[in-house]
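**Q** Could you have a look at this structure, given as structure tokens, before my questions?
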Protein chains: 2
Amino acid sequence: MEILIDIEAKERKSYKIYIEDLKKLNFSNKVAIITNPTVAKFHLQRAIDAIDAPQIEIIEVPDGEEYKNIDTVLTILDKLFQAKFDRKSTLIALGGGVIGDMTGFTASMYQRGIDFIQMPTTLLSQVDASVGGKTGVNNQYGKNLIGAFYQPKGVYIDPAFLDTLPPREFAAGIAEVIKMAVMFDFDFYNFLKDANFNSKDDVISIIAKSVKLKADVVNKDEKESGIRAVLNYGHTFGHVVENLTNYSKYLHGEAVAIGMVMANELAVSLGLLSKEEAEDIKELLKKSNLPTTFKIDNIEDFYEHFYLDKKSSNGSIAFILPNGKIGSNIIKRDIPKNLVIEALQNFRNN
Amino acid sequence: MEILIDIEAKERKSYKIYIEDLKKLNFSNKVAIITNPTVAKFHLQRAIDAIDAPQIEIIEVPDGEEYKNIDTVLTILDKLFQAKFDRKSTLIALGGGVIGDMTGFTASMYQRGIDFIQMPTTLLSQVDASVGGKTGVNNQYGKNLIGAFYQPKGVYIDPAFLDTLPPREFAAGIAEVIKMAVMFDFDFYNFLKDANFNSKDDVISIIAKSVKLKADVVNKDEKESGIRAVLNYGHTFGHVVENLTNYSKYLHGEAVAIGMVMANELAVSLGLLSKEEAEDIKELLKKSNLPTTFKIDNIEDFYEHFYLDKKSSNGSIAFILPNGKIGSNIIKRDIPKNLVIEALQNFRNN
């Protein structure tokens, strides 16, 4: 006997992203702010002042990617149980991507799922991590290997959070912005070339456009089977750069900037991008205080590192490239090894 | 600035439940069977014989509810990483509800979600746990407090699995079946009164009907905000019985049977059920080798225990009762304490 169970599609999941000074948020149940000491020092009071709730717990976790693991999540869970949080309670992620990823994952598990809100405090998390519903932690086998797809209830992006952001971290966020522009929107790319990163209005426009572009992609493909992979432009190469430098020399966005320059070399050699366009992108990255060079010691070894990446299951590597012009994209699989090696040689020689 | 992000509803989640002798299952990627030594002894070979996959890992976890915790889940995750499982791999839960809950939760987290299949080997898990998408583990604060809503890819119920099931566990499964009948379907209730539990045909009919009833409920309310609470008929009282006996004297289904008799006393005193109907249900439970009596040492203390239950957040307790006749239901909140006490006294005196 065969019984077909149709689980109805879940309710449409809508949430709003606010890009403005933090406004009053009202909760009828308990709230926990998950943050780290670095962020708390600058922004915790501002967040607390905005929250009206019967009880606010502050849960601080150590600052750093090395604490983005299941142990930290279990510690947060334990504190929530101790504070008798229930299914109507809410978690607020106050911090960068690490805090957001762990808070979302914790919320997805607590009593099989409670509300959570993102208050991203870095440019990178504002334009990238705040949209898409990816949550999770790292383990000894790699990054983000344990996690869940889980949407926030809302995202509150206060541009004032950026006032205390170190310039290098700001630039790392811009790398992901440039990635979005090169892949999806030539007009936005041109806007970035003329933008003043010290202008609050320009920064708000940049955040808003990036968020909208990412939301479009995520809506088309929540589970990363298709177009969402395009968000990995610069990442295939960038991950290797990060790995070869033990995740210590470059911020993620900086490695992605280098990765985009490498990907563009491959695109040029495949006739998908002109040399002038590749150079133009590199100039924009430089203007944004991002690195565009990297000393490859051993090209063969660099190539082998693609296969350590979890995204290259079943042996085929997906290269994400501009497709004929800036503002367009293509996913290329099964590019012959010699072409990739050649692109890396060109990168080294440029 | 305010940006509305509409995350599109996910694809409709359909899956099939097969109630028949295990047939050939083909996988193009790695498969792990999660089971325990008790189940493996009787059924592992049968499962392996049915599976055609490039690689089959066997992951045995200790048998027992006391091992349904995050440590066991982390152990399973670690073995999957060691075996280099990827996003296209599949987990198979071969066992009862504990195995199913942990396997589903593990699958929900591994690389943010991979496929899993249920092969429930107990009557309880076949009629109950295999539908609904609830996964999770216990911790020191209570049962199922960490978990996820995550649907299986398919459910394969082989009636032959029941051949080795101890009679007490079979009866415990029947308790949940009777619960479904009393709440939702008078015809099914009458069928149960006449059914022969030694007849394979009757058992298949019972499983099929229970699964269909539960699927209807789950479809109406995936997140337990409304009608799904009706599935807790007998559980509000039953949880207290389990708690007072340290979860050791009674199987869950046995405690639910006692809980249904208690709930029926309350229904009778509220005029929602006749004494004859309550007696009729009790007879069916007895015929099914389920307990219907329980020595309440201290009624006041018993009442206080309702408030230890996580489902009674915010102080109001939901009692699930028949609503005027067998095959119907009502959720009653804010029943005065004295009426509940009186019902417990009546239960004790009967």
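Every chain in the structure tokens has a letter given in the order shown (A, B, ...), and although residue numbers restart at 1 in each chain, ligands are simply numbered from 1 in the order shown.
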Wanna dump the region 145-222 of chain B-region 80-93 of chain B contacts at 12 Å for me, each residue with its shortest atom pair and the distance in Å to one decimal, counting only C-alpha atoms, ordered by chain and number, as a Markdown table?

**A**
```
| residue | atom | partner | partner_atom | distance |
| --- | --- | --- | --- | --- |
| B:Pro152 | CA | B:Ile92 | CA | 9.4 |
| B:Lys153 | CA | B:Thr90 | CA | 9.2 |
| B:Gly154 | CA | B:Ile92 | CA | 9.7 |
| B:Val155 | CA | B:Ala93 | CA | 9.5 |
| B:Tyr156 | CA | B:Ile92 | CA | 10.0 |
| B:Ile157 | CA | B:Ala93 | CA | 11.5 |
```

**Q** Given identical sequences, what C-alpha RMSD separates chain A from chain B after least-squares superposition over all Cα in order?

**A**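 That comparison of chain B with chain A gives 0.1 Å.
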
**Q** May I have the residues within 10 Å of Val177 (chain B) as a list in words, using only C-alpha atoms and disregarding those fewer than 4 positions away in the same chain?

**A**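 After dropping sequence-adjacent residues, the list is Leu123, Leu124, Val127, Asp128, Ala171, Ala172, Gly173, Ala181, Val182, Phe188, Tyr189, Leu192, Ile206, Ile207, Lys209, Ser210, Val211, Leu213, Lys214 and Gly253 of chain B.
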
**Q** With N, CA, C and O atoms retained, write the just-selected residues as a tab-separated table (two decimals), in the first residue's frame.

**A**
```
chain	number	residue	atom	x	y	z
B	123	LEU	N	5.54	-0.22	16.16
B	123	LEU	CA	4.21	0.24	15.78
B	123	LEU	C	4.05	1.72	16.10
B	123	LEU	O	3.49	2.49	15.31
B	124	LEU	N	4.57	2.12	17.27
B	124	LEU	CA	4.44	3.53	17.67
B	124	LEU	C	5.08	4.47	16.64
B	124	LEU	O	4.47	5.46	16.23
B	127	VAL	N	3.04	4.55	13.27
B	127	VAL	CA	1.78	5.29	13.20
B	127	VAL	C	1.95	6.74	13.64
B	127	VAL	O	1.12	7.58	13.33
B	128	ASP	N	3.01	7.04	14.35
B	128	ASP	CA	3.10	8.36	14.98
B	128	ASP	C	4.31	9.16	14.49
B	128	ASP	O	4.17	10.16	13.80
B	171	ALA	N	1.37	-2.92	22.17
B	171	ALA	CA	0.22	-2.31	22.85
B	171	ALA	C	0.43	-0.79	23.00
B	171	ALA	O	-0.51	-0.01	22.81
B	172	ALA	N	1.66	-0.40	23.31
B	172	ALA	CA	1.94	1.03	23.48
B	172	ALA	C	1.68	1.79	22.18
B	172	ALA	O	1.22	2.94	22.19
B	173	GLY	N	1.94	1.14	21.06
B	173	GLY	CA	1.63	1.77	19.77
B	173	GLY	C	0.12	1.86	19.56
B	173	GLY	O	-0.38	2.88	19.05
B	181	ALA	N	-8.32	7.57	16.92
B	181	ALA	CA	-9.70	7.19	16.64
B	181	ALA	C	-10.67	7.99	17.52
B	181	ALA	O	-11.67	8.52	17.02
B	182	VAL	N	-10.38	8.09	18.80
B	182	VAL	CA	-11.29	8.80	19.72
B	182	VAL	C	-11.38	10.28	19.35
B	182	VAL	O	-12.44	10.89	19.44
B	188	PHE	N	-13.48	4.40	12.63
B	188	PHE	CA	-12.19	3.75	12.90
B	188	PHE	C	-12.19	3.19	14.32
B	188	PHE	O	-11.70	2.08	14.56
B	189	TYR	N	-12.78	3.95	15.24
B	189	TYR	CA	-12.89	3.48	16.63
B	189	TYR	C	-13.63	2.14	16.67
B	189	TYR	O	-13.19	1.19	17.33
B	192	LEU	N	-11.54	-0.67	15.41
B	192	LEU	CA	-10.55	-1.12	16.40
B	192	LEU	C	-11.18	-2.07	17.41
B	192	LEU	O	-10.54	-3.03	17.86
B	206	ILE	N	-4.84	-0.70	10.17
B	206	ILE	CA	-4.70	0.20	11.32
B	206	ILE	C	-3.58	1.22	11.08
B	206	ILE	O	-3.75	2.42	11.32
B	207	ILE	N	-2.46	0.73	10.59
B	207	ILE	CA	-1.33	1.63	10.32
B	207	ILE	C	-1.74	2.66	9.27
B	207	ILE	O	-1.53	3.87	9.44
B	209	LYS	N	-4.69	3.74	8.29
B	209	LYS	CA	-5.70	4.71	8.74
B	209	LYS	C	-5.08	5.73	9.70
B	209	LYS	O	-5.34	6.94	9.60
B	210	SER	N	-4.23	5.25	10.61
B	210	SER	CA	-3.60	6.16	11.57
B	210	SER	C	-2.71	7.18	10.87
B	210	SER	O	-2.71	8.37	11.20
B	211	VAL	N	-1.95	6.68	9.90
B	211	VAL	CA	-1.05	7.57	9.15
B	211	VAL	C	-1.86	8.63	8.41
B	211	VAL	O	-1.50	9.81	8.40
B	213	LEU	N	-4.87	9.78	9.13
B	213	LEU	CA	-5.44	10.74	10.07
B	213	LEU	C	-4.39	11.73	10.54
B	213	LEU	O	-4.62	12.94	10.61
B	214	LYS	N	-3.21	11.21	10.86
B	214	LYS	CA	-2.18	12.12	11.35
B	214	LYS	C	-1.73	13.07	10.24
B	214	LYS	O	-1.50	14.26	10.50
B	253	GLY	N	3.29	5.04	25.56
B	253	GLY	CA	1.92	4.71	25.15
B	253	GLY	C	1.07	4.24	26.32
B	253	GLY	O	-0.14	4.52	26.38
```

**Q** For His305 (chain B), list every protein, DNA or RNA residue within 10 Å, evaluated using only C-alpha atoms, and leave out those in the same chain fewer than 5 positions away; present the list as a list in words.

**A**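 Near His305 (chain B), the qualifying residues are Thr236, Phe237, His239, Val240, Val241, Asn243, Leu244, Ile299 and Glu300 of chain B.
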
**Q** With N, CA and C atoms kept, could you save the residues just selected as a CSV table (one decimal), in the first residue's frame?

**A**
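Final output, result.csv:
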```csv
chain,number,residue,atom,x,y,z
B,236,THR,N,-1.4,15.2,28.4
B,236,THR,CA,-1.3,16.2,29.4
B,236,THR,C,-1.3,15.4,30.8
B,237,PHE,N,-2.2,14.5,31.0
B,237,PHE,CA,-2.2,13.7,32.2
B,237,PHE,C,-1.1,12.6,32.1
B,239,HIS,N,1.8,12.7,30.7
B,239,HIS,CA,3.2,13.2,31.0
B,239,HIS,C,3.4,13.3,32.5
B,240,VAL,N,2.4,13.6,33.3
B,240,VAL,CA,2.5,13.7,34.7
B,240,VAL,C,2.7,12.2,35.3
B,241,VAL,N,2.0,11.3,34.7
B,241,VAL,CA,2.1,9.9,35.1
B,241,VAL,C,3.6,9.4,34.9
B,243,ASN,N,6.2,11.3,34.6
B,243,ASN,CA,7.1,12.1,35.4
B,243,ASN,C,7.1,11.5,36.8
B,244,LEU,N,5.9,11.2,37.4
B,244,LEU,CA,5.8,10.7,38.8
B,244,LEU,C,6.4,9.3,38.9
B,299,ILE,N,-3.3,14.1,45.0
B,299,ILE,CA,-3.9,14.7,43.9
B,299,ILE,C,-3.4,16.2,43.7
B,300,GLU,N,-3.2,16.9,44.8
B,300,GLU,CA,-2.7,18.3,44.7
B,300,GLU,C,-1.3,18.3,44.0
```

**Q** Could you please determine the separation between CA of Glu60 (chain A) and CA of Ala40 (chain A) in Å, to one decimal place?

**A**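 Those two atoms sit 8.1 Å apart.
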
**Q** Which one of B:Ile178, B:Met119, B:Val203, B:Ala215 sits closest to Gly234 (chain B) if you count only C-alpha atoms?

**A** B:Ile178

**Q** Quick one: pick out all strand (DSSP E or B) residues within region 135-187 of chain B from a backbone DSSP run and write them as a short mmCIF file (atom, residue, chain, number, x, y, z; two decimals) with N, CA and C atoms, in the first residue's frame.

**A**
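For reference, part_8.cif as written:
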```cif
data_model
loop_
_atom_site.label_atom_id
_atom_site.label_comp_id
_atom_site.auth_asym_id
_atom_site.auth_seq_id
_atom_site.Cartn_x
_atom_site.Cartn_y
_atom_site.Cartn_z
N THR B 135 11.62 16.41 14.71
CA THR B 135 12.86 15.71 15.03
C THR B 135 13.46 16.38 16.25
N GLY B 136 14.39 15.71 16.91
CA GLY B 136 15.03 16.37 18.04
C GLY B 136 15.58 15.42 19.07
N VAL B 137 16.13 16.04 20.12
CA VAL B 137 16.73 15.28 21.21
C VAL B 137 16.31 15.88 22.55
N ASN B 138 16.54 15.10 23.59
CA ASN B 138 16.25 15.54 24.96
C ASN B 138 17.48 16.23 25.55
N ASN B 139 17.27 16.97 26.62
CA ASN B 139 18.40 17.40 27.43
C ASN B 139 17.98 17.42 28.90
N GLY B 142 14.42 18.72 29.67
CA GLY B 142 13.19 18.07 29.23
C GLY B 142 13.33 17.33 27.92
N LYS B 143 12.19 16.85 27.43
CA LYS B 143 12.20 16.02 26.23
C LYS B 143 12.00 16.86 24.97
N ASN B 144 12.72 16.51 23.93
CA ASN B 144 12.57 17.12 22.60
C ASN B 144 12.74 18.64 22.63
N LEU B 145 13.58 19.13 23.49
CA LEU B 145 13.72 20.58 23.63
C LEU B 145 14.70 21.18 22.62
N ILE B 146 15.50 20.33 21.99
CA ILE B 146 16.37 20.81 20.92
C ILE B 146 16.04 19.99 19.67
N GLY B 147 15.74 20.67 18.58
CA GLY B 147 15.36 19.90 17.40
C GLY B 147 15.01 20.78 16.22
N ALA B 148 14.32 20.17 15.25
CA ALA B 148 13.95 20.89 14.04
C ALA B 148 12.68 20.29 13.46
N PHE B 149 11.95 21.09 12.72
CA PHE B 149 10.90 20.54 11.88
C PHE B 149 11.56 20.19 10.55
N GLY B 154 10.96 10.02 2.40
CA GLY B 154 10.01 8.94 2.23
C GLY B 154 9.97 8.09 3.49
N VAL B 155 8.89 7.33 3.65
CA VAL B 155 8.74 6.47 4.82
C VAL B 155 8.42 5.06 4.34
N TYR B 156 9.21 4.10 4.78
CA TYR B 156 9.01 2.72 4.37
C TYR B 156 8.64 1.89 5.59
N ILE B 157 7.36 1.53 5.67
CA ILE B 157 6.85 0.77 6.80
C ILE B 157 6.68 -0.68 6.36
#
```

**Q** Looking at A:Leu251, A:Ile117, A:Leu339, A:Ile326, which one is nearest to Arg168 (chain A), with distances taken over only C-alpha atoms?

**A**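 The shortest atom-to-atom distance to Arg168 (chain A) comes from A:Leu251.
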
**Q** Determine the nearest neighbour of chain B from the options A:Leu44, A:Ile17, A:Ile341, A:Ile70, counting only C-alpha atoms.

**A**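 When distances to chain B are compared using only C-alpha atoms, the smallest one comes from A:Ile17.
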